[in-house]
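Enquirer: Contents are mmCIF, C-alpha atoms and all ligand atoms; file name query01.cif:
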data_my_file
#
loop_
_atom_site.label_atom_id
_atom_site.label_comp_id
_atom_site.auth_asym_id
_atom_site.auth_seq_id
_atom_site.Cartn_x
_atom_site.Cartn_y
_atom_site.Cartn_z
CA MET I 261 22.65 -0.65 11.20
CA SER I 262 24.81 0.47 8.33
CA ARG I 263 23.13 2.30 5.51
CA SER I 264 24.74 0.41 2.65
CA ALA I 265 22.84 -0.15 -0.57
CA LYS I 266 22.85 -3.84 0.37
CA THR I 267 20.69 -3.39 3.44
CA VAL I 268 18.36 -0.68 2.17
CA VAL I 269 15.15 -1.90 0.54
CA PRO I 270 13.06 0.87 -1.03
CA VAL I 271 9.36 -0.03 -1.06
CA LEU I 272 7.60 2.49 -3.26
CA CYS I 273 3.92 3.25 -2.69
CA TYR I 274 2.12 4.68 -5.72
CA HIS I 275 -1.59 5.37 -6.03
CA SER I 276 -2.69 6.56 -9.46
CA VAL I 277 -0.72 6.77 -12.72
CA GLY I 278 -2.43 9.46 -14.77
CA ASP I 279 -3.31 13.10 -14.94
CA VAL I 280 -6.68 12.99 -13.22
CA ARG I 281 -7.48 13.92 -9.66
CA ARG I 282 -7.97 11.10 -7.16
CA ASP I 283 -9.55 11.87 -3.79
CA ASN I 284 -9.95 15.42 -5.14
CA THR I 285 -6.25 16.03 -5.54
CA LEU I 286 -3.53 15.52 -8.13
CA ARG I 287 -0.99 14.90 -5.35
CA TRP I 288 -1.19 11.10 -5.61
CA SER I 289 -1.43 10.92 -9.42
CA VAL I 290 1.98 10.42 -11.05
CA SER I 291 2.00 11.45 -14.71
CA PRO I 292 2.44 8.53 -17.15
CA GLY I 293 5.63 10.06 -18.59
CA ASP I 294 7.19 10.44 -15.15
CA PHE I 295 6.17 6.91 -14.21
CA ASP I 296 7.83 5.53 -17.36
CA GLU I 297 11.05 7.44 -16.53
CA GLN I 298 10.98 6.20 -12.94
CA MET I 299 10.56 2.57 -13.96
CA ALA I 300 13.36 2.96 -16.53
CA LEU I 301 15.61 4.33 -13.78
CA ILE I 302 14.87 1.36 -11.52
CA ARG I 303 15.92 -0.95 -14.36
CA GLU I 304 19.04 1.12 -15.18
CA ARG I 305 20.16 0.95 -11.56
CA GLY I 306 20.12 -2.84 -11.73
CA ARG I 307 17.51 -3.26 -9.04
CA THR I 308 15.75 -6.62 -8.58
CA PRO I 309 11.97 -6.17 -8.43
CA MET I 310 10.11 -8.28 -5.88
CA THR I 311 6.49 -8.75 -4.86
CA VAL I 312 5.68 -8.10 -1.23
CA SER I 313 5.14 -11.82 -0.57
CA GLY I 314 8.55 -12.54 -2.11
CA TYR I 315 10.09 -9.95 0.18
CA ALA I 316 8.13 -11.30 3.17
CA ALA I 317 9.86 -14.66 2.64
CA VAL I 318 13.20 -12.83 2.93
CA LEU I 319 12.07 -11.05 6.11
CA ARG I 320 11.06 -14.42 7.57
CA GLY I 321 14.45 -15.90 6.76
CA LEU I 322 12.93 -18.38 4.29
CA ALA I 323 14.78 -17.02 1.26
CA PRO I 324 17.99 -15.10 0.72
CA PRO I 325 17.60 -11.49 -0.40
CA PRO I 326 18.31 -10.95 -4.10
CA PRO I 327 20.91 -8.35 -5.04
CA ARG I 328 19.64 -4.76 -4.68
CA PRO I 329 15.93 -5.47 -4.15
CA VAL I 330 13.18 -2.94 -4.82
CA LEU I 331 9.41 -3.17 -4.37
CA ILE I 332 6.78 -1.28 -6.34
CA THR I 333 3.33 -1.17 -4.76
CA PHE I 334 0.03 0.51 -5.65
CA ASP I 335 -2.75 1.34 -3.21
CA ASP I 336 -6.50 1.83 -3.74
CA GLY I 337 -6.97 -0.08 -7.02
CA PHE I 338 -7.59 2.67 -9.57
CA PRO I 339 -8.28 1.41 -13.13
CA ASP I 340 -5.20 3.21 -14.52
CA LEU I 341 -3.07 0.57 -12.81
CA ALA I 342 -4.23 -1.93 -15.47
CA GLU I 343 -4.72 0.58 -18.29
CA THR I 344 -1.57 2.72 -17.94
CA ALA I 345 0.89 1.33 -15.39
CA LEU I 346 0.80 -2.36 -16.38
CA PRO I 347 2.08 -1.83 -19.96
CA VAL I 348 4.96 0.25 -18.55
CA LEU I 349 5.81 -2.36 -15.92
CA ARG I 350 5.77 -5.08 -18.59
CA ARG I 351 7.98 -3.08 -20.95
CA HIS I 352 10.58 -2.65 -18.19
CA ARG I 353 10.12 -6.24 -16.95
CA LEU I 354 9.17 -5.12 -13.47
CA THR I 355 6.79 -6.80 -11.08
CA ALA I 356 4.61 -5.08 -8.50
CA THR I 357 1.99 -5.56 -5.80
CA ALA I 358 -1.48 -4.02 -6.01
CA TYR I 359 -3.52 -3.44 -2.85
CA VAL I 360 -7.20 -3.16 -3.68
CA ILE I 361 -10.29 -2.19 -1.70
CA ALA I 362 -12.36 -5.38 -1.87
CA ALA I 363 -15.86 -3.89 -1.68
CA ARG I 364 -15.14 -1.45 -4.51
CA VAL I 365 -13.85 -3.90 -7.13
CA GLY I 366 -16.14 -3.89 -10.15
CA THR I 367 -18.66 -1.47 -8.63
CA ALA I 368 -19.82 1.83 -10.07
CA PRO I 369 -18.08 4.80 -8.43
CA PRO I 370 -20.14 6.86 -6.00
CA PRO I 371 -21.17 10.36 -7.15
CA ASP I 372 -17.98 12.45 -7.32
CA GLY I 373 -16.01 9.34 -6.28
CA ASP I 374 -13.17 7.56 -8.02
CA PRO I 375 -13.60 4.44 -10.19
CA SER I 376 -12.10 1.08 -9.25
CA LEU I 377 -10.48 -1.76 -11.14
CA ASP I 378 -12.92 -4.47 -12.14
CA TRP I 379 -12.43 -8.22 -11.70
CA GLU I 380 -11.25 -8.77 -15.25
CA GLN I 381 -8.54 -6.13 -14.85
CA LEU I 382 -7.48 -7.64 -11.53
CA ARG I 383 -7.18 -11.07 -13.13
CA GLU I 384 -5.16 -9.54 -15.98
CA LEU I 385 -2.76 -7.93 -13.50
CA HIS I 386 -2.39 -11.21 -11.65
CA ALA I 387 -1.80 -13.08 -14.93
CA HIS I 388 1.13 -10.74 -15.63
CA GLY I 389 2.78 -11.43 -12.28
CA VAL I 390 1.39 -8.55 -10.25
CA GLU I 391 0.58 -9.74 -6.74
CA ILE I 392 -2.92 -8.79 -5.60
CA GLY I 393 -3.23 -7.88 -1.93
CA SER I 394 -6.03 -6.55 0.24
CA HIS I 395 -6.32 -2.90 1.20
CA SER I 396 -9.28 -3.78 3.46
CA ARG I 397 -12.94 -4.10 2.60
CA SER I 398 -13.99 -0.45 2.79
CA HIS I 399 -10.82 1.62 3.33
CA CYS I 400 -11.55 2.92 6.81
CA ALA I 401 -9.08 3.59 9.62
CA LEU I 402 -8.80 0.08 11.06
CA ASP I 403 -7.26 1.08 14.37
CA CYS I 404 -10.55 2.75 15.38
CA LEU I 405 -12.79 -0.27 14.77
CA ARG I 406 -14.47 -2.74 17.09
CA PRO I 407 -13.29 -6.38 16.81
CA SER I 408 -16.26 -7.56 14.68
CA GLU I 409 -15.77 -4.70 12.23
CA LEU I 410 -12.05 -5.40 12.12
CA HIS I 411 -12.72 -9.05 11.29
CA GLN I 412 -14.88 -8.01 8.32
CA GLU I 413 -12.20 -5.68 7.01
CA ALA I 414 -9.33 -8.16 7.33
CA ALA I 415 -10.81 -11.66 6.91
CA GLY I 416 -13.89 -10.56 4.91
CA SER I 417 -11.83 -8.69 2.32
CA ARG I 418 -9.45 -11.63 1.92
CA ARG I 419 -12.31 -14.03 1.31
CA ALA I 420 -13.98 -11.71 -1.21
CA LEU I 421 -10.75 -11.20 -3.17
CA GLU I 422 -9.88 -14.89 -3.17
CA ASP I 423 -13.39 -15.78 -4.37
CA GLY I 424 -13.20 -13.19 -7.15
CA LEU I 425 -9.67 -13.99 -8.24
CA GLY I 426 -9.56 -17.73 -7.68
CA THR I 427 -6.13 -17.47 -6.07
CA SER I 428 -4.79 -16.98 -2.57
CA VAL I 429 -4.33 -13.47 -1.20
CA ARG I 430 -1.45 -13.27 1.24
CA SER I 431 -0.58 -9.63 1.77
CA PHE I 432 -2.42 -6.69 3.31
CA ALA I 433 -1.86 -2.92 3.34
CA TYR I 434 -3.32 -0.81 6.15
CA PRO I 435 -5.52 2.05 4.87
CA TYR I 436 -3.75 5.35 5.61
CA GLY I 437 -0.96 3.23 7.11
CA TYR I 438 -2.90 3.12 10.41
CA HIS I 439 -2.41 -0.02 12.50
CA SER I 440 -2.25 -1.10 16.13
CA GLY I 441 -1.57 -4.35 17.98
CA ALA I 442 -5.21 -5.38 17.58
CA VAL I 443 -5.16 -4.59 13.86
CA ARG I 444 -1.96 -6.54 13.28
CA SER I 445 -3.38 -9.51 15.24
CA ALA I 446 -6.58 -9.47 13.16
CA VAL I 447 -4.57 -9.38 9.94
CA ARG I 448 -2.39 -12.27 11.10
CA ALA I 449 -5.45 -14.26 12.27
CA ALA I 450 -7.09 -13.73 8.86
CA GLY I 451 -4.24 -15.71 7.30
CA TYR I 452 -2.13 -12.97 5.75
CA THR I 453 1.62 -13.51 5.91
CA SER I 454 2.68 -9.88 5.48
CA ALA I 455 1.35 -6.35 5.72
CA CYS I 456 2.55 -2.96 4.58
CA GLY I 457 2.39 0.29 6.50
CA VAL I 458 3.66 3.61 5.23
CA LYS I 459 6.18 5.26 7.62
CA ASN I 460 7.95 7.13 4.81
CA ALA I 461 11.11 5.20 5.66
CA LEU I 462 13.34 2.66 3.95
CA SER I 463 12.77 -0.99 4.65
CA HIS I 464 15.63 -3.37 5.47
CA PRO I 465 16.07 -7.11 6.16
CA ASN I 466 15.18 -6.65 9.86
CA ASP I 467 11.94 -4.78 9.13
CA ASP I 468 8.63 -5.93 10.68
CA VAL I 469 6.89 -8.30 8.23
CA PHE I 470 3.49 -7.03 9.50
CA ALA I 471 4.44 -3.35 9.19
CA ILE I 472 6.73 -3.15 6.16
CA ALA I 473 7.89 0.43 5.72
CA ARG I 474 7.02 2.17 2.46
CA VAL I 475 7.64 5.60 0.98
CA LEU I 476 4.69 7.46 -0.55
CA ILE I 477 5.42 8.56 -4.10
CA GLU I 478 3.76 11.84 -4.97
CA ARG I 479 3.27 13.67 -8.27
CA ASP I 480 6.16 15.97 -7.33
CA THR I 481 8.55 13.24 -6.19
CA GLY I 482 10.00 13.14 -9.70
CA THR I 483 12.64 10.90 -11.18
CA ALA I 484 15.36 12.64 -9.16
CA GLY I 485 13.43 11.80 -6.00
CA ILE I 486 13.23 8.15 -7.03
CA GLY I 487 16.98 8.23 -7.71
CA ALA I 488 17.62 9.51 -4.16
CA LEU I 489 15.34 6.81 -2.80
CA LEU I 490 17.26 4.12 -4.69
CA ASP I 491 20.51 5.61 -3.36
CA GLY I 492 19.10 5.27 0.17
CA THR I 493 19.47 8.96 0.88
CA GLY I 494 16.87 11.41 2.16
CA TRP I 495 14.77 8.90 4.08
CA PRO I 496 15.44 7.23 7.45
CA LEU I 497 15.71 3.49 7.91
CA ALA I 498 12.49 2.01 9.31
CA TRP I 499 12.32 1.86 13.08
CA ARG I 500 10.53 -0.74 15.23
CA GLY I 501 7.32 0.11 17.04
CA GLU I 502 5.40 3.36 17.07
CA ARG I 503 6.29 6.93 17.79
CA LEU I 504 4.50 8.72 20.63
CA ARG I 505 2.78 11.11 18.23
CA THR I 506 1.35 8.13 16.29
CA ARG I 507 -0.23 6.79 19.48
CA GLY I 508 -1.63 10.20 20.41
CA TRP I 509 -3.15 10.71 16.96
CA ARG I 510 -4.80 7.28 17.14
CA ALA I 511 -6.32 8.02 20.58
CA TYR I 512 -7.90 11.14 19.11
CA ARG I 513 -9.25 9.37 15.99
CA ARG I 514 -10.57 6.44 18.02
CA ALA I 515 -12.48 8.74 20.39
CA ARG I 516 -13.96 10.54 17.40
CA HIS I 517 -14.98 7.24 15.73
CA LEU I 518 -16.71 6.01 18.90
CA LEU I 519 -18.47 9.33 19.32
CA TYR I 520 -19.82 9.36 15.77
CA THR I 521 -20.83 5.70 15.68
CA ALA I 522 -22.55 6.04 19.08
CA ARG I 523 -24.45 9.12 17.90
CA PRO I 524 -25.26 8.39 14.24
CA GLN I 525 -27.32 11.57 13.90
CA LEU I 526 -24.02 13.42 13.76
CA THR I 527 -22.36 13.58 10.40
CA GLN I 528 -18.90 12.12 10.41
CA PRO I 529 -16.33 14.50 8.95
CA PRO I 530 -14.27 13.22 6.02
CA SER I 531 -11.01 11.51 6.96
ZN ZN Z 601 -5.46 3.68 0.53
#
Any chance you could put this one into structure tokens?
Expert:
Amino acid sequence: MSRSAKTVVPVLCYHSVGDVRRDNTLRWSVSPGDFDEQMALIRERGRTPMTVSGYAAVLRGLAPPPPRPVLITFDDGFPDLAETALPVLRRHRLTATAYVIAARVGTAPPPDGDPSLDWEQLRELHAHGVEIGSHSRSHCALDCLRPSELHQEAAGSRRALEDGLGTSVRSFAYPYGYHSGAVRSAVRAAGYTSACGVKNALSHPNDDVFAIARVLIERDTGTAGIGALLDGTGWPLAWRGERLRTRGWRAYRRARHLLYTARPQLTQPPS
């Protein structure tokens, strides 16, 4: 496939916009000033912002791709998405998709844990055109779960978000980007019409609608890094299927999950 700007679809994956640590690191927190610059650059480059469900319609052949599409996504549902990122998105007239962890919405953070968006903030985001998607119920590695647990994470989170928001939830993002055939089937069976992975690769009109490739944006990515991403340089085009090392890593994690859930007296290490 040619690597022309026409066929390359950058799908950016942000987490936090702020200067506080999330998951005990600043790595996934983009400073507000940098975020503003990055959104301004996307506008300057004449990119057309899309939600993931809008892009999914293109991938399914139901809609033509707009000129020079770009997708902005946020994982994990930190409150700064509503407090800091939303005003910037609105100022630059950009839309986005927010993937939230259903069981954490509106709950108090655990000791030393990160806060979550509440329902009012989620409804505000939705009212301003931000698509709300599910990032599972509890943010565990789905490809290690038993079928009943998987059902709770995929279908249960969708139901909880739809009940809380009063609108349909159509897109899913796999925690840590981990998915397998069983995970994709459960997500499809739960009624979602698209799902995002990570891959750190550029999406394109032949990408897998249930494993849309995204690029993780880090604190150090910088505006120059976003420029390279929009140029389609520095990242590969998304490939179909899984790499051997992905399968090997899953086999290891799955064995560990079964071991720790079968012997609950052991303390599961952090993932
Ligand atoms: Zn996540």
Enquirer: Report, in Å with one decimal, the straight-line distance from CA of Trp288 (chain I) to CA of Pro465 (chain I).
Expert: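 Pair CA of Trp288 (chain I) / CA of Pro465 (chain I) returns 27.7 Å.
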Enquirer: If you count all atoms listed in the file, which residues end up within 6 Å of ligand ZN 601 (chain Z), as a PyMOL selection string?
Expert: chain I and resi 335-336+435-436
Enquirer: Identify which of the residues I:Ile302, I:Leu385, I:His517, I:His464 lies closest to Cys400 (chain I), counting all atoms listed in the file when measuring atom-to-atom distances.
Expert: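 Using all atoms listed in the file, Cys400 (chain I) sits closest to I:His517.
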Enquirer: What is the distance between CA of Val269 (chain I) and CA of Ser463 (chain I), in Å to one decimal?
Expert: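 Calculated distance between CA of Val269 (chain I) and CA of Ser463 (chain I) is 4.8 Å.
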Enquirer: Would you please work out which residue, of I:Thr357, I:Thr285, I:Ser440, I:Thr311, is nearest to Leu405 (chain I) when using only C-alpha atoms?
Expert: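 With only C-alpha atoms as the atom set, the closest residue is I:Ser440.
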Enquirer: Nearest residue to Asp294 (chain I) out of I:Pro329, I:Ala473, I:Asp378, I:Ala345, using all atoms listed in the file?
Expert: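 Ranking I:Pro329, I:Ala473, I:Asp378, I:Ala345 by distance to Asp294 (chain I), first place goes to I:Ala345.
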Enquirer: Please provide the set of residues having any atom within 12 Å of Gly321 (chain I), restricted to all atoms listed in the file, with same-chain residues fewer than 5 positions apart removed, written as a list of chain:residue names.
Expert: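 Returned residues: I:Gly314, I:Tyr315, I:Ala316, I:Pro465, I:Asn466, I:Asp467, I:Val469.
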Enquirer: Would you put the residues from that selection into a file with C-alpha atoms, as an mmCIF file, keeping the file's coordinate frame?
Expert:
data_model
loop_
_atom_site.group_PDB
_atom_site.id
_atom_site.type_symbol
_atom_site.label_atom_id
_atom_site.label_comp_id
_atom_site.auth_asym_id
_atom_site.auth_seq_id
_atom_site.Cartn_x
_atom_site.Cartn_y
_atom_site.Cartn_z
ATOM 1 C CA GLY I 314 8.550 -12.540 -2.110
ATOM 2 C CA TYR I 315 10.090 -9.950 0.180
ATOM 3 C CA ALA I 316 8.130 -11.300 3.170
ATOM 4 C CA PRO I 465 16.070 -7.110 6.160
ATOM 5 C CA ASN I 466 15.180 -6.650 9.860
ATOM 6 C CA ASP I 467 11.940 -4.780 9.130
ATOM 7 C CA VAL I 469 6.890 -8.300 8.230
#
Enquirer: One number please: CA of Pro326 (chain I) to CA of Ser313 (chain I), in Å, one decimal.
Expert: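 Those two atoms sit 13.7 Å apart.
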Enquirer: Could you tell me which of I:Gly393, I:Asn460, I:Arg406, I:Val330 comes closest to Ile477 (chain I) if we count all atoms listed in the file?
Expert: I:Asn460
Enquirer: For Gly416 (chain I), which residue among I:Ala442, I:Val447, I:Met310, I:Ile392 is the nearest when counting all atoms listed in the file?
Expert: I:Val447
Enquirer: So, counting all atoms listed in the file, which residue among I:Arg397, I:Arg364, I:Arg474, I:His275 is closest to Leu489 (chain I)?
Expert: I:Arg474
Enquirer: List the neighbours of Trp495 (chain I) out to 10 Å using all atoms listed in the file; skip same-chain residues closer than 2 positions along the sequence, and give me the result as a PyMOL selection string.
Expert: chain I and resi 270+459-462+475+488-489+491-493+497-498
Enquirer: Determine, counting all atoms listed in the file, which protein, DNA and RNA residues have an atom within 12 Å of an atom of Thr481 (chain I); residues of the same chain fewer than 3 positions away are not included. Present the result as a PyMOL selection string.
Expert: chain I and resi 272-274+287-291+294-295+298+475-478+484-489+494
